[in-house]
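Data from input33.cif: mmCIF, C-alpha atoms
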data_model
#
loop_
_atom_site.label_atom_id
_atom_site.label_comp_id
_atom_site.auth_asym_id
_atom_site.auth_seq_id
_atom_site.Cartn_x
_atom_site.Cartn_y
_atom_site.Cartn_z
CA MET U 1 -62.16 37.43 121.04
CA ASP U 2 -61.19 33.96 119.93
CA ILE U 3 -60.38 32.08 123.16
CA GLN U 4 -58.29 29.37 121.49
CA GLN U 5 -56.30 31.99 119.56
CA THR U 6 -55.59 33.92 122.77
CA GLU U 7 -54.44 30.75 124.56
CA ASP U 8 -52.21 29.95 121.57
CA ASP U 9 -50.77 33.51 121.61
CA ILE U 10 -49.92 33.16 125.31
CA ILE U 11 -48.29 29.74 124.76
CA GLU U 12 -46.31 31.07 121.79
CA ARG U 13 -45.14 34.08 123.81
CA LEU U 14 -44.03 31.92 126.76
CA THR U 15 -42.26 29.45 124.46
CA ALA U 16 -40.35 32.30 122.82
CA LYS U 17 -39.39 33.95 126.12
CA LEU U 18 -38.42 30.90 128.21
CA THR U 19 -35.29 30.04 126.26
CA ASP U 20 -32.69 29.70 129.05
CA ASN U 21 -30.96 26.34 129.47
CA ILE U 22 -32.41 26.40 132.98
CA ASP U 23 -35.91 26.31 131.47
CA SER U 24 -35.29 23.66 128.81
CA ASP U 25 -37.33 21.18 130.90
CA VAL U 26 -40.50 23.34 130.91
CA GLU U 27 -43.44 22.05 128.87
CA ILE U 28 -46.00 24.72 127.91
CA ILE U 29 -49.36 23.34 126.81
CA PRO U 30 -53.05 24.27 126.63
CA LEU U 31 -55.40 22.71 129.16
CA PRO U 32 -55.58 18.99 128.30
CA ASP U 33 -58.95 17.31 127.79
CA ALA U 34 -58.12 14.56 130.30
CA ASP U 35 -57.12 15.40 133.87
CA THR U 36 -54.68 12.48 133.80
CA GLU U 37 -52.49 14.64 131.53
CA LEU U 38 -52.11 17.47 134.08
CA LEU U 39 -49.00 16.25 135.87
CA PRO U 40 -45.66 16.74 134.10
CA LYS U 41 -43.58 13.87 132.80
CA PHE U 42 -40.71 12.67 134.99
CA GLY U 43 -37.99 15.32 135.34
CA LYS U 44 -40.10 18.04 133.68
CA ARG U 45 -41.91 21.16 134.81
CA ARG U 46 -45.18 22.09 133.17
CA LEU U 47 -47.14 25.28 132.49
CA ILE U 48 -50.77 24.84 131.47
CA VAL U 49 -52.55 27.79 129.84
CA ALA U 50 -56.34 27.95 130.12
CA TYR U 51 -59.19 30.40 129.65
CA ASN U 52 -60.65 31.07 133.09
CA GLY U 53 -63.78 33.13 132.31
CA ASP U 54 -64.93 36.68 131.82
CA GLU U 55 -67.29 39.25 133.30
CA ALA U 56 -69.10 41.90 131.32
CA MET U 57 -68.66 45.50 132.30
CA PRO U 58 -71.76 47.74 132.20
CA ASP U 59 -72.88 48.90 128.77
CA SER U 60 -74.16 52.46 128.68
CA ASN U 61 -74.65 52.57 124.91
CA ILE U 62 -78.29 52.79 123.78
CA SER U 63 -77.67 51.77 120.18
CA ALA U 64 -75.74 48.64 119.18
CA VAL U 65 -74.35 46.74 122.15
CA GLN U 66 -70.60 46.91 122.62
CA GLN U 67 -69.37 45.64 125.97
CA ASP U 68 -65.90 45.39 127.40
CA LEU U 69 -65.19 42.00 128.98
CA ASP U 70 -62.83 41.61 131.90
CA THR U 71 -61.29 38.32 130.69
CA THR U 72 -59.10 36.06 132.83
CA PHE U 73 -56.60 33.39 131.81
CA ALA U 74 -54.99 30.92 134.18
CA ILE U 75 -51.44 29.63 134.04
CA GLY U 76 -51.06 26.44 136.05
CA PHE U 77 -47.55 25.76 137.39
CA PHE U 78 -46.56 22.14 138.07
CA GLY U 79 -43.15 21.19 139.47
CA LYS U 80 -41.29 19.24 142.14
CA VAL U 81 -39.59 22.25 143.81
CA THR U 82 -40.67 25.76 144.72
CA ARG U 83 -37.33 27.44 145.50
CA GLY U 84 -34.07 27.90 143.61
CA GLU U 85 -33.38 28.59 139.95
CA LYS U 86 -35.49 25.60 138.81
CA GLY U 87 -38.27 26.30 141.33
CA ILE U 88 -41.79 27.49 140.69
CA TYR U 89 -41.10 30.92 142.25
CA ALA U 90 -38.28 31.69 139.79
CA LEU U 91 -40.41 30.41 136.90
CA LYS U 92 -43.32 32.61 138.08
CA ARG U 93 -41.11 35.70 137.83
CA LYS U 94 -40.07 34.78 134.26
CA VAL U 95 -43.68 34.11 133.21
CA GLU U 96 -44.79 37.48 134.64
CA ASN U 97 -41.97 39.26 132.80
CA ALA U 98 -42.99 37.54 129.55
CA LEU U 99 -46.72 38.18 129.79
CA ILE U 100 -47.40 41.42 131.67
CA GLY U 101 -47.85 44.11 129.03
CA PHE U 102 -48.18 41.59 126.18
CA ALA U 103 -51.32 42.07 124.03
CA PRO U 104 -52.72 38.83 122.54
CA THR U 105 -54.72 38.99 119.29
CA GLY U 106 -57.96 40.94 119.80
CA CYS U 107 -57.19 41.90 123.42
CA GLN U 108 -55.65 44.72 125.39
CA LYS U 109 -52.38 44.22 127.29
CA LEU U 110 -52.26 41.48 129.92
CA THR U 111 -52.17 42.53 133.59
CA TYR U 112 -51.42 40.63 136.80
CA ASN U 113 -54.36 39.43 138.90
CA SER U 114 -53.20 36.84 141.48
CA PHE U 115 -50.93 33.89 142.28
CA LYS U 116 -51.76 31.15 144.77
CA PHE U 117 -50.91 27.65 145.94
CA ILE U 118 -53.46 25.03 144.84
CA GLU U 119 -52.18 21.64 146.04
CA ASN U 120 -49.33 19.17 146.29
CA ARG U 121 -50.41 15.95 144.56
CA ASP U 122 -48.09 13.00 144.05
CA LYS U 123 -45.16 15.15 145.25
CA VAL U 124 -45.85 17.76 142.53
CA PHE U 125 -46.60 21.34 143.60
CA ASN U 126 -49.41 23.13 141.77
CA TYR U 127 -49.73 26.93 141.79
CA LEU U 128 -52.08 29.12 139.76
CA LEU U 129 -51.30 32.51 138.19
CA LEU U 130 -54.29 34.52 136.98
CA ILE U 131 -53.76 37.22 134.35
CA LYS U 132 -56.38 39.57 132.96
CA THR U 133 -57.09 41.44 129.79
CA ILE U 134 -59.95 43.46 128.31
CA SER U 135 -61.69 42.08 125.24
CA VAL U 136 -64.77 43.41 123.46
CA LEU U 137 -68.13 41.79 122.82
CA ILE U 138 -70.04 43.41 119.96
CA GLU U 139 -73.68 42.85 119.03
CA MET U 140 -74.03 41.12 115.71
CA PRO U 141 -76.91 42.74 113.81
CA ASP U 142 -79.57 40.69 112.05
CA ASP U 143 -78.90 40.02 108.38
CA GLU U 144 -81.65 42.37 107.32
CA PRO U 145 -82.52 45.47 109.31
CA THR U 146 -86.13 45.67 110.44
CA TYR U 147 -88.17 48.84 110.04
CA PRO U 148 -91.70 49.58 111.15
CA ALA U 149 -94.23 49.03 108.37
CA PHE U 150 -95.93 52.10 106.86
CA LYS U 151 -99.65 52.03 107.43
CA GLU U 152 -100.51 55.39 106.01
CA LEU U 153 -98.57 58.23 104.45
CA LYS U 154 -100.07 61.69 104.65
CA ILE U 155 -98.63 64.66 102.81
CA SER U 156 -99.73 68.04 104.03
CA GLN U 157 -99.34 71.30 102.17
#

Structure translated into structure tokens:
Amino acid sequence: MDIQQTEDDIIERLTAKLTDNIDSDVEIIPLPDADTELLPKFGKRRLIVAYNGDEAMPDSNISAVQQDLDTTFAIGFFGKVTRGEKGIYALKRKVENALIGFAPTGCQKLTYNSFKFIENRDKVFNYLLLIKTISVLIEMPDDEPTYPAFKELKISQ
């Protein structure tokens, strides 16, 4: 799975689905490099999409390794109000409708994990939605296969 590609797929999906006039003030961006860029601009709401980690599921295969990864992405919600048609709760419902069941490149369909309040900083509420998917990690073989060296070859008749 290409993490940046998956984040881009999620951003593209949200941008395409949040087209109401009510949501024209929503900025949808990947996680910025500087934490000073987290808060939205004046009069805007902001969604920040970020890879949140993954956990490998057990691999029972005895040949080449192929493991499913339980992969999580976080959607950070930033806004001045929580209730009403321009509130975070209404936006949460729209984001869930846009993403649950959507399959980014190289992943299975997204599923809901959790939603929680993080903080209120500078009069801006911050909530976090976690969504999950299954991706696959596959062993990359060496360029040349290795075989045991023959020491002696006996032919019996």

Excluding same-chain residues fewer than 4 positions from Met140 in chain U, what lies within 10 Å of it counting only C-alpha atoms, as a ChimeraX atom specification? /U:64-66

Generate a file of the selected residues that holds C-alpha atoms, formatted as a compact mmCIF listing (two decimals), keeping the file's coordinate frame.
# COMPACT_ATOMS: atom_id res chain seq x y z
CA ALA U 64 -75.74 48.64 119.18
CA VAL U 65 -74.35 46.74 122.15
CA GLN U 66 -70.60 46.91 122.62

What residues come out when you apply the PyMOL selection byres ((chain U and resi 39) around 10) to this file, written as a ChimeraX atom specification? /U:35-38,40-42,44-48,77-79,121-122,124-126

Which one is closest to Thr19 in chain U: U:Tyr112, U:Lys94, U:Leu31, U:Asn120? Count only C-alpha atoms.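 With only C-alpha atoms as the atom set, the closest residue is U:Lys94.
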
Using only C-alpha atoms, the residue out of U:Met1, U:Ile88, U:Ile29, U:Met57 with shortest distance to Tyr127 in chain U is U:Ile88

Determine, counting all atoms listed in the file, every residue of protein, DNA or RNA that lies within 10 Å of (-53.5, 37.0, 134.5) in the file coordinates, then give the result as a PyMOL selection string. chain U and resi 51-52+71-75+96+99-100+110-115+128-133

Residues from the last selection, C-alpha atoms, saved as a compact mmCIF listing (two decimals), in the coordinates of the input:
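Below is the file that was written, out_38.txt:
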# COMPACT_ATOMS: atom_id res chain seq x y z
CA TYR U 51 -59.19 30.40 129.65
CA ASN U 52 -60.65 31.07 133.09
CA THR U 71 -61.29 38.32 130.69
CA THR U 72 -59.10 36.06 132.83
CA PHE U 73 -56.60 33.39 131.81
CA ALA U 74 -54.99 30.92 134.18
CA ILE U 75 -51.44 29.63 134.04
CA GLU U 96 -44.79 37.48 134.64
CA LEU U 99 -46.72 38.18 129.79
CA ILE U 100 -47.40 41.42 131.67
CA LEU U 110 -52.26 41.48 129.92
CA THR U 111 -52.17 42.53 133.59
CA TYR U 112 -51.42 40.63 136.80
CA ASN U 113 -54.36 39.43 138.90
CA SER U 114 -53.20 36.84 141.48
CA PHE U 115 -50.93 33.89 142.28
CA LEU U 128 -52.08 29.12 139.76
CA LEU U 129 -51.30 32.51 138.19
CA LEU U 130 -54.29 34.52 136.98
CA ILE U 131 -53.76 37.22 134.35
CA LYS U 132 -56.38 39.57 132.96
CA THR U 133 -57.09 41.44 129.79

Write out as a tab-separated table (two decimals) with C-alpha atoms, in the frame of the given file each polymer residue whose atoms come within 12 Å of Ser135 in chain U, counting all atoms listed in the file; drop sequence neighbours fewer than 5 positions from it.
chain	number	residue	atom	x	y	z
U	1	MET	CA	-62.16	37.43	121.04
U	2	ASP	CA	-61.19	33.96	119.93
U	3	ILE	CA	-60.38	32.08	123.16
U	6	THR	CA	-55.59	33.92	122.77
U	53	GLY	CA	-63.78	33.13	132.31
U	54	ASP	CA	-64.93	36.68	131.82
U	55	GLU	CA	-67.29	39.25	133.30
U	56	ALA	CA	-69.10	41.90	131.32
U	57	MET	CA	-68.66	45.50	132.30
U	66	GLN	CA	-70.60	46.91	122.62
U	67	GLN	CA	-69.37	45.64	125.97
U	68	ASP	CA	-65.90	45.39	127.40
U	69	LEU	CA	-65.19	42.00	128.98
U	70	ASP	CA	-62.83	41.61	131.90
U	71	THR	CA	-61.29	38.32	130.69
U	72	THR	CA	-59.10	36.06	132.83
U	103	ALA	CA	-51.32	42.07	124.03
U	104	PRO	CA	-52.72	38.83	122.54
U	105	THR	CA	-54.72	38.99	119.29
U	106	GLY	CA	-57.96	40.94	119.80
U	107	CYS	CA	-57.19	41.90	123.42
U	108	GLN	CA	-55.65	44.72	125.39
U	109	LYS	CA	-52.38	44.22	127.29
U	110	LEU	CA	-52.26	41.48	129.92
